[in-house]
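See below for protein-v2.txt, which holds compact mmCIF, C-alpha atoms (C1' of nucleotides).
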```
# COMPACT_ATOMS: atom_id res chain seq x y z
CA MET A 7 10.79 -10.91 4.59
CA ALA A 8 13.55 -8.80 6.05
CA GLN A 9 13.19 -11.09 9.03
CA THR A 10 16.25 -13.17 9.71
CA LEU A 11 15.98 -16.93 9.75
CA ARG A 12 16.69 -16.91 13.43
CA ASP A 13 13.62 -14.76 14.07
CA ARG A 14 11.46 -16.81 11.75
CA VAL A 15 12.41 -19.99 13.55
CA ILE A 16 11.57 -18.57 16.94
CA LYS A 17 8.33 -17.12 15.71
CA ALA A 18 7.23 -20.41 14.19
CA ALA A 19 8.25 -22.31 17.31
CA VAL A 20 6.36 -19.95 19.61
CA LYS A 21 3.29 -20.26 17.47
CA TYR A 22 3.47 -24.02 17.46
CA ILE A 23 3.95 -24.14 21.22
CA ALA A 24 0.98 -21.86 21.74
CA ASP A 25 -1.17 -24.20 19.69
CA SER A 26 0.09 -27.62 20.68
CA GLY A 27 2.60 -27.36 23.49
CA PRO A 28 6.37 -27.69 23.29
CA ASP A 29 6.69 -31.44 23.15
CA GLY A 30 5.75 -32.50 19.68
CA LEU A 31 7.67 -29.60 18.23
CA SER A 32 10.00 -30.57 15.40
CA PHE A 33 12.68 -28.16 14.35
CA ARG A 34 13.18 -30.21 11.23
CA GLN A 35 9.60 -29.45 10.33
CA ILE A 36 10.04 -25.78 11.09
CA ALA A 37 13.12 -25.73 8.90
CA ALA A 38 11.21 -27.39 6.08
CA ASP A 39 8.37 -24.88 6.44
CA ALA A 40 10.87 -22.06 6.25
CA GLY A 41 12.34 -23.59 3.12
CA VAL A 42 15.78 -24.20 4.57
CA SER A 43 17.76 -27.31 5.32
CA HIS A 44 17.16 -29.32 8.45
CA GLN A 45 20.36 -28.10 9.99
CA ALA A 46 19.94 -24.39 9.37
CA PRO A 47 18.17 -23.60 12.66
CA TYR A 48 20.92 -25.29 14.62
CA HIS A 49 23.44 -22.94 13.17
CA HIS A 50 21.84 -20.08 15.10
CA PHE A 51 21.31 -22.02 18.28
CA GLY A 52 23.63 -24.71 19.44
CA ASP A 53 21.00 -27.32 20.02
CA ARG A 54 17.33 -27.91 20.59
CA SER A 55 17.27 -26.80 24.20
CA ALA A 56 19.10 -23.60 23.33
CA ILE A 57 16.12 -22.54 21.24
CA PHE A 58 13.80 -23.09 24.16
CA THR A 59 16.18 -21.20 26.39
CA GLU A 60 16.09 -18.26 23.99
CA ILE A 61 12.31 -18.38 23.85
CA ALA A 62 12.23 -18.28 27.64
CA ARG A 63 14.56 -15.29 27.63
CA GLU A 64 12.34 -13.31 25.31
CA GLY A 65 9.34 -14.43 27.32
CA PHE A 66 10.74 -13.14 30.61
CA GLN A 67 11.66 -9.90 28.90
CA LYS A 68 8.15 -9.38 27.59
CA PHE A 69 6.83 -10.39 30.97
CA THR A 70 8.89 -7.75 32.73
CA GLU A 71 7.64 -5.10 30.34
CA VAL A 72 4.04 -6.02 30.96
CA MET A 73 4.36 -6.25 34.72
CA SER A 74 6.27 -3.03 35.14
CA SER A 75 4.03 -0.78 33.06
CA PRO A 76 2.47 1.95 35.18
CA ALA A 77 -0.56 0.94 37.22
CA ARG A 78 -3.98 2.30 36.56
CA ARG A 79 -5.28 4.23 39.54
CA ASP A 80 -8.87 3.09 39.47
CA GLU A 81 -10.58 3.24 42.80
CA ASP A 82 -12.45 0.04 42.05
CA SER A 83 -9.42 -2.07 41.39
CA ASN A 84 -6.84 -2.91 43.96
CA LEU A 85 -3.21 -2.76 42.85
CA SER A 86 -2.62 -6.37 43.84
CA VAL A 87 -5.58 -7.41 41.77
CA GLN A 88 -4.18 -5.49 38.84
CA LEU A 89 -0.89 -7.34 39.14
CA CYS A 90 -2.71 -10.62 39.20
CA GLU A 91 -4.77 -9.68 36.17
CA ARG A 92 -1.72 -8.70 34.23
CA TYR A 93 0.03 -11.92 35.06
CA VAL A 94 -2.86 -14.02 33.84
CA ASP A 95 -3.37 -11.80 30.80
CA PHE A 96 0.26 -12.17 29.88
CA ALA A 97 0.11 -15.93 30.23
CA LEU A 98 -3.00 -16.30 28.11
CA THR A 99 -1.96 -13.94 25.34
CA ASN A 100 1.58 -15.33 25.25
CA LYS A 101 0.97 -19.03 25.71
CA GLY A 102 3.84 -19.87 23.42
CA TYR A 103 6.30 -18.10 25.67
CA PHE A 104 4.64 -18.85 28.98
CA ARG A 105 4.57 -22.59 28.38
CA VAL A 106 8.33 -22.58 28.04
CA MET A 107 9.36 -20.05 30.67
CA PHE A 108 8.64 -22.31 33.61
CA ARG A 109 9.82 -25.55 32.13
CA SER A 110 13.24 -26.02 33.63
CA ASP A 111 13.55 -29.38 31.94
CA LEU A 112 13.44 -27.76 28.51
CA CYS A 113 15.43 -24.65 29.15
CA GLN A 114 18.59 -25.46 31.04
CA MET A 115 18.91 -21.94 32.31
CA ASP A 116 22.13 -22.67 34.11
CA GLU A 117 23.92 -22.46 30.78
CA SER A 118 22.39 -19.15 29.81
CA PRO A 119 23.20 -16.19 32.05
CA GLU A 120 21.02 -13.98 29.82
CA THR A 121 17.92 -16.03 30.39
CA GLN A 122 18.71 -16.29 34.06
CA ARG A 123 19.10 -12.56 34.30
CA ALA A 124 15.84 -12.01 32.45
CA ALA A 125 14.08 -14.33 34.87
CA ASP A 126 15.63 -12.59 37.86
CA GLU A 127 14.55 -9.24 36.54
CA ALA A 128 11.02 -10.53 36.09
CA PHE A 129 10.77 -11.63 39.67
CA ASP A 130 12.42 -8.49 40.95
CA THR A 131 9.72 -6.50 39.18
CA LEU A 132 7.18 -8.50 41.10
CA LEU A 133 8.99 -7.96 44.38
CA VAL A 134 9.19 -4.23 43.82
CA ALA A 135 5.52 -4.00 42.96
CA VAL A 136 4.54 -5.92 46.07
CA GLY A 137 6.85 -3.77 48.13
CA GLU A 138 5.13 -0.63 46.88
CA ILE A 139 1.75 -2.07 47.67
CA LEU A 140 2.68 -3.09 51.19
CA GLY A 141 4.33 0.22 51.91
CA SER A 142 7.54 1.07 53.65
CA SER A 143 6.58 -0.44 56.97
CA ALA A 144 6.75 -3.99 55.66
CA SER A 145 9.76 -6.14 56.42
CA ILE A 146 11.75 -7.82 53.69
CA ASP A 147 10.55 -11.18 54.86
CA GLU A 148 6.96 -10.06 54.79
CA ILE A 149 7.33 -8.79 51.26
CA ARG A 150 8.87 -12.08 50.27
CA VAL A 151 6.06 -14.17 51.64
CA GLN A 152 3.55 -11.79 50.17
CA ALA A 153 5.17 -11.86 46.76
CA THR A 154 5.31 -15.63 46.86
CA ALA A 155 1.64 -15.74 47.72
CA MET A 156 0.64 -13.41 44.92
CA TRP A 157 2.90 -15.12 42.48
CA SER A 158 1.43 -18.47 43.43
CA VAL A 159 -2.16 -17.47 43.00
CA ALA A 160 -1.52 -15.75 39.69
CA HIS A 161 0.66 -18.54 38.40
CA GLY A 162 -1.71 -21.23 39.53
CA LEU A 163 -4.67 -19.51 37.96
CA ALA A 164 -2.79 -18.99 34.73
CA THR A 165 -1.56 -22.55 34.41
CA LEU A 166 -4.89 -24.02 35.40
CA LEU A 167 -6.58 -21.89 32.76
CA ILE A 168 -4.08 -22.71 30.06
CA ASP A 169 -3.43 -26.40 30.49
CA GLY A 170 -5.43 -27.51 33.44
CA PRO A 171 -8.88 -28.91 33.85
CA LEU A 172 -10.20 -25.75 35.44
CA GLU A 173 -12.53 -24.67 32.68
CA ARG A 174 -14.05 -28.08 32.38
CA LYS A 175 -14.63 -28.15 36.11
CA ILE A 176 -16.01 -24.79 37.05
CA GLY A 177 -17.85 -24.46 33.78
CA LYS A 178 -17.11 -22.33 30.76
CA VAL A 179 -15.39 -19.16 31.85
CA SER A 180 -17.33 -16.64 29.86
CA ASP A 181 -15.74 -13.65 31.49
CA ARG A 182 -12.20 -14.54 32.36
CA ARG A 183 -11.38 -11.12 33.66
CA ALA A 184 -14.24 -11.24 36.10
CA LEU A 185 -13.11 -14.61 37.40
CA VAL A 186 -9.52 -13.52 37.81
CA ARG A 187 -10.64 -10.38 39.52
CA SER A 188 -12.95 -12.07 41.96
CA VAL A 189 -10.42 -14.77 42.78
CA ALA A 190 -7.68 -12.24 43.27
CA ASN A 191 -9.89 -10.00 45.32
CA ARG A 192 -10.90 -12.83 47.55
CA MET A 193 -7.31 -13.84 48.09
CA ILE A 194 -6.01 -10.42 48.69
CA ASP A 195 -8.66 -8.95 50.91
CA GLY A 196 -6.97 -10.07 54.08
CA LEU A 197 -3.51 -8.83 53.53
CA THR A 198 -3.29 -5.27 52.41
CA SER A 199 -5.40 -4.10 55.29
CA MET B 26 8.84 -60.00 40.87
CA ALA B 27 5.18 -60.90 41.01
CA GLN B 28 4.68 -57.45 39.53
CA THR B 29 3.24 -57.49 36.05
CA LEU B 30 5.17 -55.87 33.23
CA ARG B 31 2.48 -53.22 32.98
CA ASP B 32 3.12 -52.17 36.57
CA ARG B 33 6.85 -52.25 36.17
CA VAL B 34 6.64 -50.00 33.13
CA ILE B 35 4.49 -47.45 34.91
CA LYS B 36 6.68 -47.52 37.97
CA ALA B 37 9.82 -46.96 35.93
CA ALA B 38 8.18 -44.18 33.95
CA VAL B 39 6.94 -42.40 37.07
CA LYS B 40 10.39 -42.60 38.58
CA TYR B 41 12.00 -41.21 35.47
CA ILE B 42 9.49 -38.38 35.26
CA ALA B 43 10.06 -37.49 38.88
CA ASP B 44 13.78 -37.25 38.23
CA SER B 45 13.95 -35.69 34.78
CA GLY B 46 10.50 -34.69 33.59
CA PRO B 47 8.31 -36.42 31.06
CA ASP B 48 9.92 -35.24 27.87
CA GLY B 49 13.09 -37.17 27.44
CA LEU B 50 11.38 -40.32 28.53
CA SER B 51 12.02 -43.27 26.20
CA PHE B 52 9.77 -46.26 26.46
CA ARG B 53 12.23 -48.23 24.44
CA GLN B 54 14.77 -47.61 27.14
CA ILE B 55 12.31 -48.62 29.83
CA ALA B 56 11.57 -51.79 27.92
CA ALA B 57 15.26 -52.53 27.64
CA ASP B 58 15.76 -51.91 31.36
CA ALA B 59 12.92 -54.30 32.10
CA GLY B 60 14.54 -56.90 29.88
CA VAL B 61 11.72 -57.10 27.37
CA SER B 62 11.42 -56.19 23.73
CA HIS B 63 10.90 -52.61 22.61
CA GLN B 64 7.32 -53.34 21.68
CA ALA B 65 6.22 -55.05 24.89
CA PRO B 66 5.05 -51.89 26.70
CA TYR B 67 2.90 -50.92 23.76
CA HIS B 68 0.98 -54.12 24.10
CA HIS B 69 -0.42 -52.91 27.43
CA PHE B 70 -1.03 -49.37 26.31
CA GLY B 71 -2.01 -48.49 22.81
CA ASP B 72 0.59 -45.82 22.34
CA ARG B 73 2.90 -43.46 24.10
CA SER B 74 0.29 -40.99 25.22
CA ALA B 75 -1.88 -43.77 26.62
CA ILE B 76 0.80 -44.49 29.18
CA PHE B 77 0.80 -40.88 30.29
CA THR B 78 -2.96 -40.96 30.43
CA GLU B 79 -2.83 -43.97 32.70
CA ILE B 80 -0.21 -42.32 34.90
CA ALA B 81 -2.48 -39.30 35.19
CA ARG B 82 -5.39 -41.54 36.15
CA GLU B 83 -3.47 -43.16 38.96
CA GLY B 84 -2.22 -39.76 39.99
CA PHE B 85 -5.67 -38.27 40.32
CA GLN B 86 -6.75 -41.32 42.25
CA LYS B 87 -3.93 -40.97 44.74
CA PHE B 88 -4.64 -37.26 44.89
CA THR B 89 -8.25 -37.84 45.80
CA GLU B 90 -7.23 -40.22 48.56
CA VAL B 91 -4.83 -37.72 50.04
CA MET B 92 -7.20 -34.77 49.83
CA SER B 93 -10.19 -36.58 51.26
CA SER B 94 -8.52 -38.09 54.30
CA PRO B 95 -10.04 -36.76 57.51
CA ALA B 96 -8.81 -33.36 58.62
CA ARG B 97 -6.82 -32.83 61.76
CA ARG B 98 -8.66 -30.60 64.19
CA ASP B 99 -5.77 -28.56 65.47
CA GLU B 100 -6.71 -25.20 66.77
CA ASP B 101 -3.57 -23.68 65.31
CA SER B 102 -4.16 -24.77 61.77
CA ASN B 103 -6.99 -23.57 59.65
CA LEU B 104 -8.75 -26.19 57.53
CA SER B 105 -8.07 -24.26 54.36
CA VAL B 106 -4.42 -24.14 55.21
CA GLN B 107 -4.45 -27.87 55.78
CA LEU B 108 -5.93 -28.42 52.32
CA CYS B 109 -3.24 -26.26 50.82
CA GLU B 110 -0.52 -28.08 52.71
CA ARG B 111 -1.80 -31.42 51.54
CA TYR B 112 -1.92 -30.30 47.95
CA VAL B 113 1.66 -29.13 47.99
CA ASP B 114 2.78 -32.20 49.93
CA PHE B 115 1.15 -34.43 47.40
CA ALA B 116 2.78 -32.63 44.51
CA LEU B 117 6.26 -32.75 46.01
CA THR B 118 6.14 -36.36 47.13
CA ASN B 119 4.54 -37.49 43.89
CA LYS B 120 6.38 -35.42 41.34
CA GLY B 121 6.27 -38.22 38.82
CA TYR B 122 2.49 -38.24 38.85
CA PHE B 123 1.94 -34.54 39.41
CA ARG B 124 4.07 -33.51 36.45
CA VAL B 125 1.82 -35.51 34.17
CA MET B 126 -1.61 -34.87 35.67
CA PHE B 127 -1.86 -31.31 34.45
CA ARG B 128 -0.23 -31.74 31.08
CA SER B 129 -3.15 -31.93 28.73
CA ASP B 130 -0.79 -32.10 25.78
CA LEU B 131 0.61 -35.41 26.98
CA CYS B 132 -2.51 -37.05 28.27
CA GLN B 133 -5.32 -36.64 25.80
CA MET B 134 -7.93 -37.19 28.44
CA ASP B 135 -10.78 -36.93 26.00
CA GLU B 136 -10.04 -40.48 24.94
CA SER B 137 -9.98 -41.86 28.44
CA PRO B 138 -13.24 -41.61 30.40
CA GLU B 139 -11.52 -43.27 33.36
CA THR B 140 -8.88 -40.58 33.64
CA GLN B 141 -11.47 -37.91 33.12
CA ARG B 142 -13.61 -39.39 35.86
CA ALA B 143 -10.63 -39.58 38.20
CA ALA B 144 -9.87 -35.94 37.53
CA ASP B 145 -13.47 -34.94 38.10
CA GLU B 146 -13.53 -36.82 41.36
CA ALA B 147 -10.37 -35.07 42.45
CA PHE B 148 -11.85 -31.64 41.90
CA ASP B 149 -15.15 -32.63 43.45
CA THR B 150 -13.25 -33.59 46.58
CA LEU B 151 -11.83 -30.11 46.63
CA LEU B 152 -15.24 -28.53 46.10
CA VAL B 153 -16.75 -30.55 48.93
CA ALA B 154 -13.94 -29.64 51.28
CA VAL B 155 -14.28 -25.96 50.49
CA GLY B 156 -18.03 -26.20 50.87
CA GLU B 157 -17.61 -27.65 54.35
CA ILE B 158 -15.21 -24.91 55.30
CA LEU B 159 -17.47 -22.12 54.07
CA GLY B 160 -20.53 -23.60 55.74
CA SER B 161 -24.05 -24.05 54.53
CA SER B 162 -24.73 -20.37 54.06
CA ALA B 163 -22.39 -20.10 51.09
CA SER B 164 -23.81 -20.03 47.58
CA ILE B 165 -22.66 -22.47 44.91
CA ASP B 166 -21.06 -19.65 43.04
CA GLU B 167 -19.19 -18.49 46.09
CA ILE B 168 -17.90 -21.99 46.73
CA ARG B 169 -16.75 -22.19 43.14
CA VAL B 170 -14.79 -18.97 43.25
CA GLN B 171 -13.38 -19.94 46.59
CA ALA B 172 -12.35 -23.37 45.41
CA THR B 173 -10.75 -21.87 42.35
CA ALA B 174 -8.84 -19.45 44.49
CA MET B 175 -7.58 -22.15 46.84
CA TRP B 176 -6.78 -24.45 43.99
CA SER B 177 -4.85 -21.71 42.27
CA VAL B 178 -2.71 -20.79 45.22
CA ALA B 179 -1.94 -24.41 46.06
CA HIS B 180 -1.29 -25.33 42.47
CA GLY B 181 0.83 -22.29 41.82
CA LEU B 182 2.89 -22.87 44.90
CA ALA B 183 3.37 -26.52 44.03
CA THR B 184 4.41 -25.92 40.44
CA LEU B 185 6.68 -23.04 41.32
CA LEU B 186 8.36 -25.20 43.94
CA ILE B 187 8.76 -28.20 41.64
CA ASP B 188 9.79 -26.68 38.35
CA GLY B 189 9.79 -22.97 38.78
CA PRO B 190 12.42 -20.51 39.77
CA LEU B 191 10.90 -19.86 43.16
CA GLU B 192 13.59 -21.38 45.30
CA ARG B 193 16.30 -19.56 43.45
CA LYS B 194 14.45 -16.30 43.91
CA ILE B 195 13.25 -16.26 47.47
CA GLY B 196 16.26 -18.17 48.69
CA LYS B 197 16.62 -21.72 49.83
CA VAL B 198 13.39 -22.91 51.37
CA SER B 199 14.67 -24.56 54.47
CA ASP B 200 11.28 -25.20 55.97
CA ARG B 201 8.87 -25.79 53.16
CA ARG B 202 5.95 -26.47 55.44
CA ALA B 203 6.41 -23.17 57.17
CA LEU B 204 6.45 -21.31 53.86
CA VAL B 205 3.37 -23.08 52.59
CA ARG B 206 1.62 -22.43 55.84
CA SER B 207 2.42 -18.76 55.97
CA VAL B 208 1.52 -18.21 52.34
CA ALA B 209 -1.71 -20.10 52.71
CA ASN B 210 -2.57 -18.32 55.93
CA ARG B 211 -1.94 -14.96 54.38
CA MET B 212 -4.10 -15.79 51.42
CA ILE B 213 -6.89 -17.26 53.37
CA ASP B 214 -7.23 -14.82 56.21
CA GLY B 215 -9.64 -12.65 54.38
CA LEU B 216 -12.13 -15.15 53.23
CA THR B 217 -13.27 -17.53 55.89
CA SER B 218 -14.19 -14.72 58.22
C1' DT C 19 -6.50 -85.54 24.25
C1' DC C 20 -6.97 -82.40 20.85
C1' DG C 21 -7.90 -78.06 18.31
C1' DG C 22 -8.71 -73.54 18.61
C1' DC C 23 -8.19 -69.09 20.67
C1' DG C 24 -6.77 -65.17 23.06
C1' DT C 25 -3.06 -63.02 25.78
C1' DA C 26 1.73 -61.72 26.16
C1' DC C 27 5.07 -61.06 24.07
C1' DT C 28 9.12 -60.86 19.87
C1' DT C 29 11.09 -59.55 15.48
C1' DG C 30 11.57 -56.72 11.63
C1' DA C 31 10.83 -52.65 8.93
C1' DT C 32 9.65 -47.69 8.36
C1' DA C 33 9.46 -42.77 8.91
C1' DG C 34 10.78 -39.17 11.62
C1' DT C 35 13.90 -36.93 15.10
C1' DG C 36 18.22 -34.36 17.03
C1' DT C 37 23.02 -34.21 16.40
C1' DC C 38 27.98 -34.80 14.62
C1' DA C 39 31.00 -33.88 10.79
C1' DA C 40 32.03 -32.43 6.67
C1' DG C 41 31.22 -29.80 2.82
C1' DT C 42 29.67 -25.22 -0.32
C1' DC C 43 28.89 -20.51 -1.33
C1' DG C 44 28.99 -15.61 -1.10
C1' DT C 45 30.62 -11.31 1.08
C1' DG C 46 33.93 -8.09 3.36
C1' DG C 47 38.54 -6.93 4.65
C1' DC C 48 43.39 -6.77 3.88
C1' DG D 2 43.50 -11.97 -5.35
C1' DC D 3 43.00 -14.37 -1.53
C1' DC D 4 41.50 -15.69 2.65
C1' DA D 5 38.62 -15.97 6.53
C1' DC D 6 34.22 -16.21 8.26
C1' DG D 7 29.31 -16.47 8.64
C1' DA D 8 25.20 -18.74 6.74
C1' DC D 9 23.85 -22.34 5.16
C1' DT D 10 23.70 -27.53 2.82
C1' DT D 11 24.51 -32.44 2.54
C1' DG D 12 25.11 -36.78 4.35
C1' DA D 13 25.46 -40.02 7.87
C1' DC D 14 24.36 -41.80 12.56
C1' DA D 15 21.90 -43.33 16.56
C1' DC D 16 17.68 -43.09 18.51
C1' DT D 17 12.67 -42.75 18.67
C1' DA D 18 7.52 -44.23 18.18
C1' DT D 19 4.68 -46.89 15.45
C1' DC D 20 2.86 -50.42 11.94
C1' DA D 21 2.65 -55.20 10.75
C1' DA D 22 3.66 -59.65 11.21
C1' DG D 23 5.12 -63.66 13.67
C1' DT D 24 5.76 -66.95 17.94
C1' DA D 25 5.02 -69.16 22.39
C1' DC D 26 1.86 -70.62 25.76
C1' DG D 27 -2.07 -71.39 28.95
C1' DC D 28 -6.99 -72.17 29.00
C1' DC D 29 -11.38 -74.17 27.63
C1' DG D 30 -14.95 -76.70 25.41
C1' DA D 31 -15.65 -81.13 22.90
```
Just give me the structure of the file as structure tokens.
Amino acid sequence: MAQTLRDRVIKAAVKYIADSGPDGLSFRQIAADAGVSHQAPYHHFGDRSAIFTEIAREGFQKFTEVMSSPARRDEDSNLSVQLCERYVDFALTNKGYFRVMFRSDLCQMDESPETQRAADEAFDTLLVAVGEILGSSASIDEIRVQATAMWSVAHGLATLLIDGPLERKIGKVSDRRALVRSVANRMIDGLTS
Amino acid sequence: MAQTLRDRVIKAAVKYIADSGPDGLSFRQIAADAGVSHQAPYHHFGDRSAIFTEIAREGFQKFTEVMSSPARRDEDSNLSVQLCERYVDFALTNKGYFRVMFRSDLCQMDESPETQRAADEAFDTLLVAVGEILGSSASIDEIRVQATAMWSVAHGLATLLIDGPLERKIGKVSDRRALVRSVANRMIDGLTS
DNA sequence: TCGGCGTACTTGATAGTGTCAAGTCGTGGC
DNA sequence: GCCACGACTTGACACTATCAAGTACGCCGA
């Protein structure tokens, strides 16, 4: 209860988005649920899109934390695969954030340097990790292409799992981790050698 | 002018979505632009989400056409890479459709067998293509993982290019085809061997 | 030729939405 | 004591999808 209204609003919004996506979300409803007037949320954020922008900011921040935590040094699990796993894990356990982070139509990042910085930091984390994996011999350009490739496969897998028809198509994914791992492995085999 | 209102509505909606995303879209505005009453579009589609569902259906149909057209037999371009290129090409030249096709929150496919069938057909096309690439020795399970992997990388690349922060992060993509090709190549090297 | 009938719309009303513009109310500082 | 300011409320507005009627018109069987 010590939670500020601002936090409660964001929390409720993130929960709703995780369950039903960002589109039907009504901040009037959230305000009513919180027992405040319909205008109260807009006092803390200028307008509707500002709330999404803030959610994206927090999302990128959490994302950076997750992706930059120290790697396990298993012999049976490639570092690239670990990155991929973490990405997908983050997306699936933080649907409410993830669904907003990559929706430029909702967020209008250009008006929020903080969110932009958080997003930059997130990608930089990825770049650094890929750089470490490739080693010092790799050129900047090579790292870039490589990071894009890894980002793509992780992002694609995550979005297809969350919103896409993947599950319905390849059958129930009983062991998500195994799928992610085998997909990532398959993709990555050719490039760290 | 021989175009039916139904077609005009869809066309206008797809254009709007390509420009600004599906969320701010107002069917009342589209009706006004078309010079008909605010209720006219809803006569052809039961409700708002039915229009999106129909857009998705057409999208998957177009997608299947594109993906199943005969492959070029260049020696310098791997078949898998070609698939990937086509996927991304489709997404970028059909933003208006693509942005809707994978938004299960907008589409409610479960109420439209046609759209569901179109989506199934689209993925089957992908499965078949991957099966051909892998050859007859590959197991069903292997094809599935492989298809998922290819789908992921293509889908991720496409969505990151369309809505995501990719361009801002890796710099202006002057030659998109080259990027797609190098990413796809890098990803695919390890697996068709 | 006429009556019905279904399709393609229109018109009107309703509930719900974000947003602008004014309040009100309490707390902290001078 | 007062005043400013932050946190909210209240009320109005324009806009939205959606429900429920109504209207116009072409077709088809008798």
Can you pull out the residues contacting Ser86 of chain A? Cut-off 8 Å, using only C-alpha atoms (C1' of nucleotides), and skip same-chain residues under 6 positions away; I want them as a PyMOL selection string. chain A and resi 136+139+156+190+194
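Across the model, the gap from atom CA of Asp111 of chain A to atom CA of Ala38 of chain A is 26.0 Å.
Using all atoms listed in the file for every distance, the candidate list D:DA15, D:DC9, D:DA31, D:DC20 yields D:DC9 as the residue closest to chain A.
Distance criterion 9 Å to chain B, applied with only C-alpha atoms (C1' of nucleotides), yields D:DT17, D:DA18, D:DT19 on chain D.
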I'd like the interatomic distance between atom CA of Gly156 of chain B and atom CA of Ile168 of chain B, to a tenth of an Å. 5.9 Å
